[in-house]
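**Q** If it helps, the file is called start_27.txt and holds compact mmCIF, C-alpha atoms:
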```
# COMPACT_ATOMS: atom_id res chain seq x y z
CA MET G 1 -19.65 20.81 4.25
CA ASN G 2 -21.76 20.42 1.15
CA ARG G 3 -20.50 17.25 -0.48
CA HIS G 4 -21.26 18.69 -3.91
CA ASP G 5 -18.96 21.67 -3.31
CA THR G 6 -16.28 21.35 -6.00
CA SER G 7 -13.62 23.50 -4.34
CA ASN G 8 -11.86 20.67 -2.49
CA LEU G 9 -12.23 17.81 -4.95
CA LEU G 10 -9.24 15.83 -6.15
CA SER G 11 -7.87 16.36 -9.65
CA ASP G 12 -7.56 13.80 -12.44
CA ASP G 13 -3.86 13.56 -11.62
CA GLN G 14 -4.57 12.84 -7.95
CA ILE G 15 -7.17 10.22 -8.87
CA ALA G 16 -4.62 8.55 -11.17
CA SER G 17 -2.10 8.55 -8.32
CA PHE G 18 -4.63 6.96 -5.99
CA ILE G 19 -5.48 4.25 -8.53
CA ILE G 20 -1.79 3.47 -9.07
CA SER G 21 -0.62 3.56 -5.45
CA GLY G 22 -3.77 3.15 -3.35
CA TYR G 23 -3.33 6.07 -0.95
CA HIS G 24 -3.58 9.84 -0.63
CA ILE G 25 -2.38 12.15 2.15
CA ILE G 26 -4.36 15.24 3.18
CA GLU G 27 -2.98 18.03 5.35
CA PRO G 28 -6.18 19.86 6.34
CA ASP G 29 -5.86 23.39 7.75
CA LEU G 30 -7.21 22.51 11.18
CA ALA G 31 -7.87 25.14 13.81
CA PRO G 32 -4.90 26.04 16.03
CA GLY G 33 -4.77 23.73 19.02
CA TYR G 34 -7.08 21.11 17.49
CA ASN G 35 -4.54 18.28 17.39
CA GLU G 36 -3.45 19.03 20.95
CA GLU G 37 -7.09 18.97 22.06
CA ILE G 38 -7.50 15.52 20.50
CA ARG G 39 -4.27 14.24 22.05
CA ASN G 40 -5.32 15.47 25.50
CA SER G 41 -8.70 13.78 25.14
CA LEU G 42 -7.05 10.52 24.10
CA ARG G 43 -4.66 10.62 27.04
CA ALA G 44 -7.60 11.17 29.39
CA MET G 45 -9.51 8.12 28.14
CA PRO G 46 -9.46 5.36 30.78
CA GLU G 47 -9.70 2.71 28.08
CA ASN G 48 -10.10 2.29 24.34
CA PRO G 49 -13.73 3.10 23.40
CA GLY G 50 -13.69 0.57 20.59
CA GLU G 51 -15.81 1.61 17.67
CA HIS G 52 -17.67 4.26 19.73
CA ILE G 53 -15.10 6.86 18.79
CA VAL G 54 -17.40 9.75 17.91
CA GLU G 55 -19.36 9.35 21.14
CA ALA G 56 -16.15 9.28 23.20
CA LEU G 57 -14.43 11.99 21.17
CA PRO G 58 -17.06 14.37 19.72
CA ALA G 59 -14.39 16.80 18.51
CA ILE G 60 -13.36 14.27 15.88
CA THR G 61 -16.48 15.26 13.95
CA ARG G 62 -14.78 18.55 13.06
CA LEU G 63 -12.07 16.60 11.28
CA LEU G 64 -14.51 14.28 9.51
CA GLU G 65 -16.47 17.29 8.27
CA HIS G 66 -13.44 19.32 7.24
CA PRO G 67 -13.84 20.42 3.58
CA ALA G 68 -10.52 18.87 2.53
CA VAL G 69 -11.52 15.52 4.06
CA VAL G 70 -15.04 15.61 2.64
CA GLY G 71 -13.72 16.63 -0.78
CA THR G 72 -11.29 13.71 -0.86
CA LEU G 73 -13.88 11.15 0.26
CA ALA G 74 -16.50 12.48 -2.17
CA SER G 75 -13.95 12.37 -5.00
CA LEU G 76 -13.04 8.75 -4.35
CA LEU G 77 -16.40 7.32 -3.22
CA GLY G 78 -18.96 9.69 -4.71
CA PRO G 79 -20.92 12.36 -2.80
CA ASP G 80 -23.23 9.80 -1.17
CA TYR G 81 -20.47 8.04 0.75
CA VAL G 82 -21.14 6.80 4.27
CA ARG G 83 -19.02 6.19 7.35
CA ASP G 84 -19.25 2.53 8.22
CA PRO G 85 -19.60 0.98 11.64
CA GLY G 86 -16.24 0.15 13.10
CA GLY G 87 -13.19 2.26 13.38
CA HIS G 88 -10.50 2.08 15.99
CA ILE G 89 -8.14 4.20 18.03
CA HIS G 90 -4.63 2.82 17.66
CA MET G 91 -2.27 3.63 20.50
CA ASN G 92 1.30 2.60 19.76
CA PRO G 93 3.24 2.97 23.01
CA PRO G 94 7.02 3.31 23.19
CA HIS G 95 9.21 0.32 22.39
CA THR G 96 6.88 -1.92 20.41
CA ARG G 97 7.52 -4.25 17.48
CA ALA G 98 6.05 -4.03 13.99
CA GLN G 99 2.85 -5.76 12.97
CA PRO G 100 3.12 -8.24 10.10
CA TRP G 101 1.88 -7.27 6.63
CA HIS G 102 -1.88 -7.66 6.36
CA GLN G 103 -5.05 -6.54 4.63
CA ASP G 104 -7.94 -5.56 6.85
CA GLU G 105 -10.78 -8.03 7.07
CA ARG G 106 -14.14 -6.31 6.91
CA PHE G 107 -17.68 -7.61 7.07
CA GLY G 108 -16.57 -11.19 6.64
CA ARG G 109 -14.92 -10.50 3.29
CA SER G 110 -12.11 -12.92 2.55
CA HIS G 111 -8.99 -12.28 0.54
CA GLN G 112 -10.86 -13.43 -2.56
CA ASP G 113 -13.45 -10.66 -2.22
CA ARG G 114 -11.10 -7.70 -2.74
CA ASP G 115 -12.07 -4.70 -4.86
CA ILE G 116 -9.18 -5.12 -7.26
CA ASP G 117 -10.73 -2.96 -10.00
CA HIS G 118 -12.88 -0.51 -8.06
CA ILE G 119 -12.86 1.95 -5.19
CA LYS G 120 -15.74 0.95 -2.94
CA HIS G 121 -14.23 1.11 0.53
CA LEU G 122 -11.62 3.39 2.08
CA MET G 123 -9.76 3.62 5.36
CA LEU G 124 -9.12 7.07 6.84
CA MET G 125 -6.26 7.36 9.31
CA TYR G 126 -5.78 10.58 11.27
CA TYR G 127 -2.54 11.27 13.14
CA PRO G 128 -2.94 13.89 15.92
CA GLN G 129 0.84 14.24 16.36
CA ASP G 130 3.91 14.27 14.15
CA VAL G 131 4.95 10.75 13.20
CA THR G 132 8.69 10.44 12.70
CA GLU G 133 10.55 7.39 11.42
CA ASP G 134 11.18 6.08 14.94
CA MET G 135 7.57 6.49 16.14
CA GLY G 136 6.09 3.50 14.36
CA PRO G 137 4.73 5.00 11.15
CA THR G 138 2.16 3.03 9.20
CA VAL G 139 3.83 1.20 6.32
CA LEU G 140 2.05 0.65 2.99
CA LEU G 141 2.86 -1.39 -0.10
CA PRO G 142 1.70 0.82 -2.99
CA GLY G 143 -0.42 -0.94 -5.59
CA SER G 144 -1.02 -3.97 -3.36
CA GLN G 145 -4.77 -3.28 -3.24
CA ARG G 146 -4.94 -5.14 -6.53
CA ARG G 147 -3.38 -8.31 -5.15
CA VAL G 148 -5.45 -11.36 -4.36
CA ALA G 149 -3.25 -13.28 -1.95
CA ALA G 150 -4.13 -15.50 0.98
CA PRO G 151 -2.81 -14.29 4.35
CA GLU G 152 -0.70 -17.46 4.48
CA THR G 153 1.38 -16.17 1.56
CA MET G 154 2.38 -13.07 3.54
CA VAL G 155 3.79 -14.75 6.63
CA THR G 156 7.40 -14.85 5.45
CA LEU G 157 7.36 -11.32 3.99
CA VAL G 158 9.17 -8.65 5.97
CA ASN G 159 10.94 -5.77 4.21
CA LEU G 160 9.69 -5.25 0.65
CA ARG G 161 11.01 -3.12 -2.19
CA GLY G 162 8.76 -0.09 -2.61
CA GLN G 163 7.32 -0.09 0.91
CA VAL G 164 6.34 3.43 1.99
CA PHE G 165 6.27 4.76 5.56
CA SER G 166 3.71 7.41 6.44
CA THR G 167 5.96 9.82 8.28
CA VAL G 168 3.59 12.78 8.55
CA THR G 169 3.07 16.05 10.33
CA SER G 170 0.54 16.48 13.11
CA GLY G 171 -3.00 16.62 11.77
CA SER G 172 -2.30 14.67 8.60
CA VAL G 173 -4.92 12.31 7.23
CA LEU G 174 -3.94 9.22 5.29
CA VAL G 175 -6.70 7.86 3.06
CA THR G 176 -6.12 4.37 1.65
CA HIS G 177 -7.94 1.85 -0.47
CA ALA G 178 -9.41 -0.55 2.08
CA ASP G 179 -7.55 -3.51 0.57
CA ILE G 180 -4.02 -2.09 0.56
CA TRP G 181 -1.35 -4.13 2.35
CA HIS G 182 -0.22 -2.28 5.45
CA ALA G 183 1.15 -2.62 8.98
CA GLY G 184 1.93 -0.54 12.02
CA THR G 185 5.67 -0.51 12.55
CA GLY G 186 7.62 -0.65 15.79
CA ASN G 187 7.74 2.46 17.94
CA ARG G 188 11.40 2.86 18.90
CA SER G 189 10.89 6.28 20.45
CA ASP G 190 9.86 7.28 23.96
CA LYS G 191 6.65 8.89 22.68
CA VAL G 192 3.16 7.46 22.25
CA ARG G 193 1.90 7.45 18.67
CA TYR G 194 -1.87 7.76 18.25
CA MET G 195 -3.78 7.08 15.06
CA ILE G 196 -7.57 7.10 14.65
CA LYS G 197 -8.96 4.94 11.88
CA PHE G 198 -12.38 5.13 10.25
CA PRO G 199 -13.85 3.05 7.41
CA PHE G 200 -15.93 4.65 4.65
CA SER G 201 -17.91 3.14 1.77
CA ARG G 202 -19.47 4.06 -1.53
CA THR G 203 -23.26 3.71 -1.76
CA GLN G 204 -23.84 4.68 -5.40
CA GLU G 205 -22.02 3.92 -8.62
CA ASN G 206 -20.86 7.06 -10.39
CA THR G 207 -22.50 8.10 -13.65
CA GLU G 208 -19.80 10.73 -14.13
CA PRO G 209 -16.53 11.55 -12.36
CA SER G 210 -17.09 12.67 -8.77
CA TRP G 211 -13.83 14.63 -8.76
CA GLY G 212 -12.55 17.67 -10.65
CA HIS G 213 -12.38 16.04 -14.06
CA ASP G 214 -11.31 17.62 -17.33
CA ALA G 215 -11.55 15.41 -20.43
CA ARG G 216 -8.39 17.01 -21.81
CA ASN G 217 -6.41 15.20 -19.09
CA ILE G 218 -7.34 11.71 -20.32
CA PRO G 219 -4.15 11.13 -22.41
CA GLU G 220 -1.90 12.05 -19.47
CA VAL G 221 -3.94 9.89 -17.07
CA ARG G 222 -3.74 6.98 -19.52
CA MET G 223 0.01 7.34 -19.86
CA ARG G 224 0.41 7.23 -16.09
CA LEU G 225 -1.91 4.22 -15.66
CA ASP G 226 0.06 2.38 -18.35
CA SER G 227 3.58 3.20 -17.26
CA GLU G 228 4.01 4.05 -13.56
CA HIS G 229 5.03 1.31 -11.17
CA PRO G 230 5.56 2.20 -7.52
CA THR G 231 6.75 -1.34 -6.80
CA THR G 232 8.34 -4.06 -8.90
CA LEU G 233 5.80 -6.46 -10.34
CA SER G 234 6.39 -10.05 -11.31
CA ARG G 235 6.92 -10.59 -14.99
CA ASN G 236 3.44 -11.94 -15.72
CA GLU G 237 1.71 -9.25 -13.64
CA TYR G 238 2.26 -6.13 -15.77
CA GLU G 239 -0.50 -6.71 -18.30
CA THR G 240 -3.00 -7.71 -15.64
CA ASP G 241 -2.11 -4.78 -13.41
CA HIS G 242 -2.49 -2.30 -16.29
CA ALA G 243 -5.90 -3.71 -17.14
CA LEU G 244 -7.05 -3.54 -13.50
CA ARG G 245 -5.97 0.10 -13.28
CA VAL G 246 -7.95 1.09 -16.36
CA ARG G 247 -10.92 -0.94 -15.16
CA THR G 248 -10.72 0.91 -11.83
CA TRP G 249 -10.81 4.25 -13.64
CA ASN G 250 -13.72 3.10 -15.77
CA ASN G 251 -15.65 1.81 -12.76
CA ILE G 252 -15.52 5.22 -11.08
CA ALA G 253 -15.49 7.52 -14.13
CA GLY G 254 -18.93 6.82 -15.60
CA THR G 255 -19.13 8.69 -18.89
CA ALA G 256 -15.39 9.47 -18.78
CA ALA G 257 -14.43 5.82 -19.29
CA MET G 258 -11.49 5.04 -21.58
CA PRO G 259 -10.83 2.09 -23.93
CA LEU G 260 -9.53 -0.94 -22.08
CA ARG G 261 -6.76 -1.53 -24.58
CA SER G 262 -4.29 1.08 -25.74
CA GLU G 263 -1.47 0.68 -28.20
CA ALA G 264 0.02 4.10 -27.45
CA HIS G 265 2.85 2.51 -25.49
CA LEU G 266 4.15 0.83 -28.65
CA GLY G 267 5.23 4.20 -30.07
CA GLY G 268 8.48 5.93 -29.19
CA PRO G 269 12.14 5.64 -30.09
CA TRP G 270 13.53 2.64 -31.94
CA PRO G 271 15.40 0.18 -29.73
CA GLU G 272 19.14 0.68 -29.41
CA SER G 273 21.63 -1.96 -30.44
CA GLY G 274 22.30 -4.28 -27.54
CA GLY G 275 19.19 -3.09 -25.69
CA ALA G 276 15.79 -4.64 -25.19
CA THR G 277 12.99 -4.99 -27.70
CA THR G 278 9.92 -2.78 -27.46
CA ALA G 279 7.86 -5.54 -25.87
CA SER G 280 10.42 -6.46 -23.26
CA ARG G 281 11.07 -2.78 -22.41
CA ARG G 282 7.50 -2.71 -21.15
CA ARG G 283 8.44 -5.35 -18.64
CA ARG G 284 11.27 -3.20 -17.33
CA ASP G 285 13.98 -5.39 -18.87
CA GLN G 286 13.44 -8.18 -16.40
CA PRO G 287 15.07 -11.50 -17.26
CA MET O 1 28.87 -24.71 17.26
CA LYS O 2 27.72 -24.51 13.64
CA ARG O 3 24.19 -23.46 12.82
CA GLN O 4 22.12 -22.51 9.81
CA ARG O 5 21.47 -18.81 9.07
CA ILE O 6 18.41 -18.49 6.84
CA LEU O 7 17.77 -15.82 4.20
CA TYR O 8 14.41 -15.45 2.48
CA LEU O 9 14.71 -13.63 -0.84
CA ASN O 10 11.61 -12.77 -2.85
CA ALA O 11 12.43 -12.21 -6.50
CA ALA O 12 10.32 -10.73 -9.28
CA SER O 13 10.43 -14.02 -11.19
CA ARG O 14 11.77 -17.58 -10.85
CA SER O 15 14.99 -16.45 -12.54
CA LEU O 16 18.10 -16.26 -10.37
CA ARG O 17 18.84 -12.99 -12.17
CA ALA O 18 15.49 -11.34 -11.43
CA PRO O 19 15.41 -8.29 -9.12
CA VAL O 20 15.03 -9.04 -5.43
CA VAL O 21 11.85 -7.40 -4.11
CA GLY O 22 11.80 -8.62 -0.52
CA PHE O 23 14.00 -10.22 2.11
CA ALA O 24 14.19 -11.48 5.68
CA VAL O 25 17.16 -12.84 7.62
CA HIS O 26 16.67 -15.29 10.49
CA GLU O 27 19.70 -15.53 12.77
CA PRO O 28 20.45 -18.94 14.32
CA VAL O 29 20.23 -17.65 17.88
CA GLU O 30 17.44 -16.99 20.34
CA SER O 31 16.02 -13.72 19.06
CA ASP O 32 12.92 -11.87 17.98
CA PRO O 33 11.82 -12.49 14.41
CA PRO O 34 12.87 -9.94 11.76
CA GLN O 35 10.48 -7.02 11.37
CA ILE O 36 9.59 -4.24 8.95
CA GLU O 37 12.01 -1.37 9.47
CA VAL O 38 12.54 2.11 8.09
CA GLY O 39 15.56 2.63 5.89
CA VAL O 40 16.61 -0.93 5.17
CA GLU O 41 17.82 -1.83 1.69
CA MET O 42 17.70 -5.13 -0.15
CA PRO O 43 20.90 -7.03 0.81
CA TYR O 44 21.32 -8.33 -2.75
CA GLU O 45 20.04 -7.17 -6.12
CA THR O 46 19.46 -10.76 -7.31
CA VAL O 47 19.49 -14.29 -5.90
CA HIS O 48 22.52 -14.89 -8.08
CA SER O 49 24.38 -12.10 -6.22
CA ALA O 50 23.62 -13.86 -2.94
CA ILE O 51 25.02 -17.11 -4.31
CA LEU O 52 28.21 -15.30 -5.33
CA ASP O 53 28.46 -14.12 -1.73
CA GLY O 54 28.37 -17.68 -0.41
CA TRP O 55 24.68 -18.36 0.27
CA ARG O 56 23.23 -21.72 -0.86
CA VAL O 57 19.72 -22.02 -2.23
CA VAL O 58 17.86 -24.66 -0.24
CA SER O 59 14.38 -24.05 -1.64
CA PHE O 60 13.37 -22.87 -5.10
CA PRO O 61 9.96 -21.36 -5.85
CA ALA O 62 7.51 -23.63 -7.59
CA GLN O 63 6.59 -23.04 -11.20
CA ARG O 64 3.28 -21.24 -11.42
CA ALA O 65 0.77 -21.75 -14.14
CA ASP O 66 0.18 -18.92 -16.58
CA GLY O 67 -1.40 -16.94 -13.81
CA ASP O 68 -4.90 -15.65 -13.46
CA PRO O 69 -5.29 -13.01 -16.18
CA GLU O 70 -7.95 -11.33 -14.04
CA ALA O 71 -5.89 -10.88 -10.89
CA VAL O 72 -2.47 -10.03 -9.50
CA GLY O 73 -1.57 -12.56 -6.86
CA VAL O 74 1.15 -13.58 -4.44
CA PHE O 75 4.01 -11.11 -3.92
CA GLY O 76 7.17 -12.30 -5.68
CA TYR O 77 8.79 -15.73 -5.90
CA GLU O 78 10.29 -17.04 -2.68
CA PHE O 79 13.82 -18.45 -2.59
CA ILE O 80 15.15 -19.74 0.73
CA LEU O 81 18.92 -19.71 1.19
CA ASP O 82 21.21 -20.75 3.99
CA ARG O 83 24.72 -20.23 5.18
CA ILE O 84 26.41 -22.22 7.94
CA VAL O 85 27.85 -19.97 10.61
CA GLU O 86 29.71 -20.49 13.85
CA VAL O 87 27.82 -19.31 16.93
CA ASP O 88 28.73 -19.30 20.59
CA GLU O 89 26.87 -21.87 22.63
```
Using structure tokens, write down the structure from this file.
**A**
Amino acid sequence: MNRHDTSNLLSDDQIASFIISGYHIIEPDLAPGYNEEIRNSLRAMPENPGEHIVEALPAITRLLEHPAVVGTLASLLGPDYVRDPGGHIHMNPPHTRAQPWHQDERFGRSHQDRDIDHIKHLMLMYYPQDVTEDMGPTVLLPGSQRRVAAPETMVTLVNLRGQVFSTVTSGSVLVTHADIWHAGTGNRSDKVRYMIKFPFSRTQENTEPSWGHDARNIPEVRMRLDSEHPTTLSRNEYETDHALRVRTWNNIAGTAAMPLRSEAHLGGPWPESGGATTASRRRRDQP
Amino acid sequence: MKRQRILYLNAASRSLRAPVVGFAVHEPVESDPPQIEVGVEMPYETVHSAILDGWRVVSFPAQRADGDPEAVGVFGYEFILDRIVEVDE
């Protein structure tokens, strides 16, 4: 597909959602029988081919070149994105336990080298079969791509408020910010769950939005970046998180950048007697 | 015999009344560690609710400095609670 084709690009609203939560799900209209073909090929593999996935599974190229996949990657990384070395076929057999929460380590980057205000690297995860709740869906913590936390701080974390499980239909593609917290969960079913993972990177900074942008959407995007919280943040994290979201938009929007500070949130109804003040309402009335 | 059941509660702030945002229970028997599971809900809305239910706080989260204004860091504030339970030997 031509990466400059605008017919499958994400919208401003979808870009805002990705900035806030750190993931996007595509359901490409794959050819009938494609997912089954992939599953049969995977079952026939004598061993995991490691990062040589395309060589071992040439049909996967049809997915990677699908217009909906290309349009999403070009929207988030710019049209000159590249597929990085690496990638992995995950086979989650029946009756396994969950992985612990983690961020992927790539190219020797430590937890202090995260892209907390940019979209430079993505992970693409393709599921060639339905993934139900008992088949070990990937779990994500939305918004966690902005956290700078040493792995040691995650070791006691298990079930977290706001965690999202990627229960998906066969052929779905989950695209995440490379730094999002995630884990494979336990497969309690009698079925094998496959997932094929590829890393992608940006090579050029955008001079203008690489998605389907309309300047008239800026107020709505700003409202969402300032007010939506897929997980509960600590009290001192709201201001920082808002700023990182706007900086992320500005780092990928080029000429469509927005002011870092906005006072729009201070408008609205007067506080009610017995309720919270305007400032504390912003912090979701936390004590 | 009596043993210590341990409950980790991660709260959104150091306040006992802050919303609980994460938890893990460790049973005082030979068992696999707790794991991420679909459909579980927070056992308590606040650490204070857990205290009302009989849990004792054995470790409070440390005070953090003002925080790095350029970054969002560690997830929540970790309280560790226990409850003494009778288990079969």
**Q** Need to verify the contact set: Val25 of chain O, 12 Å, all atoms listed in the file, exclusion of same-chain residues closer than 3 positions in sequence. Can you return it as number ranges by chain?
**A** G: 156-159; O: 4-10, 22, 28-29, 31-36, 42-43, 55, 80-83
**Q** Pick the closest to chain G from O:Gly73, O:Gly39, O:Pro61, O:Gly54: which is it, counting all atoms listed in the file?
**A**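 Closest to chain G, using all atoms listed in the file: O:Gly73.
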**Q** Taking all atoms listed in the file into account, report as a ChimeraX atom specification which residues of chain G lie within 9 Å of chain O.
**A** /G:97-101,116,133-134,137,139,144,146-150,153-154,156-162,164-165,183,185-186,231-241,243-244,286-287
**Q** Which residues are near Ile26 of chain G? Cut-off 8 Å, only C-alpha atoms, ignore same chain within fewer than 5 positions. Put them as a VMD selection string.
**A** chain G and resid 68 to 69 172 to 175
**Q** Could you save the residues just selected, with C-alpha atoms, as a compact mmCIF listing (two decimals), keeping the file's coordinate frame?
**A**
```txt
# COMPACT_ATOMS: atom_id res chain seq x y z
CA ALA G 68 -10.52 18.87 2.53
CA VAL G 69 -11.52 15.52 4.06
CA SER G 172 -2.30 14.67 8.60
CA VAL G 173 -4.92 12.31 7.23
CA LEU G 174 -3.94 9.22 5.29
CA VAL G 175 -6.70 7.86 3.06
```
**Q** In Å, with one decimal, what is the gap from atom CA of Pro46 of chain G to atom CA of Gly87 of chain G?
**A**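 Atom CA of Pro46 of chain G sits 18.1 Å away from atom CA of Gly87 of chain G.
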**Q** Calculate how many Å separate atom CA of Asn217 of chain G from atom CA of Ala253 of chain G, rounding to one decimal.
**A**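 Here the two named atoms are 12.9 Å from each other.
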**Q** Please indicate the distance in Å from atom CA of Val82 of chain G to atom CA of Met125 of chain G, rounded to one decimal place.
**A**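 So the two atoms, atom CA of Val82 of chain G and atom CA of Met125 of chain G, lie 15.7 Å apart.
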**Q** Starting from the point (2.9, 10.1, 13.4), work out which residues of protein, DNA or RNA have an atom no more than 9 Å away when counting only C-alpha atoms; state them as an NGL selection string.
**A** :G and (126-133 or 135-138 or 166-172 or 193-195)
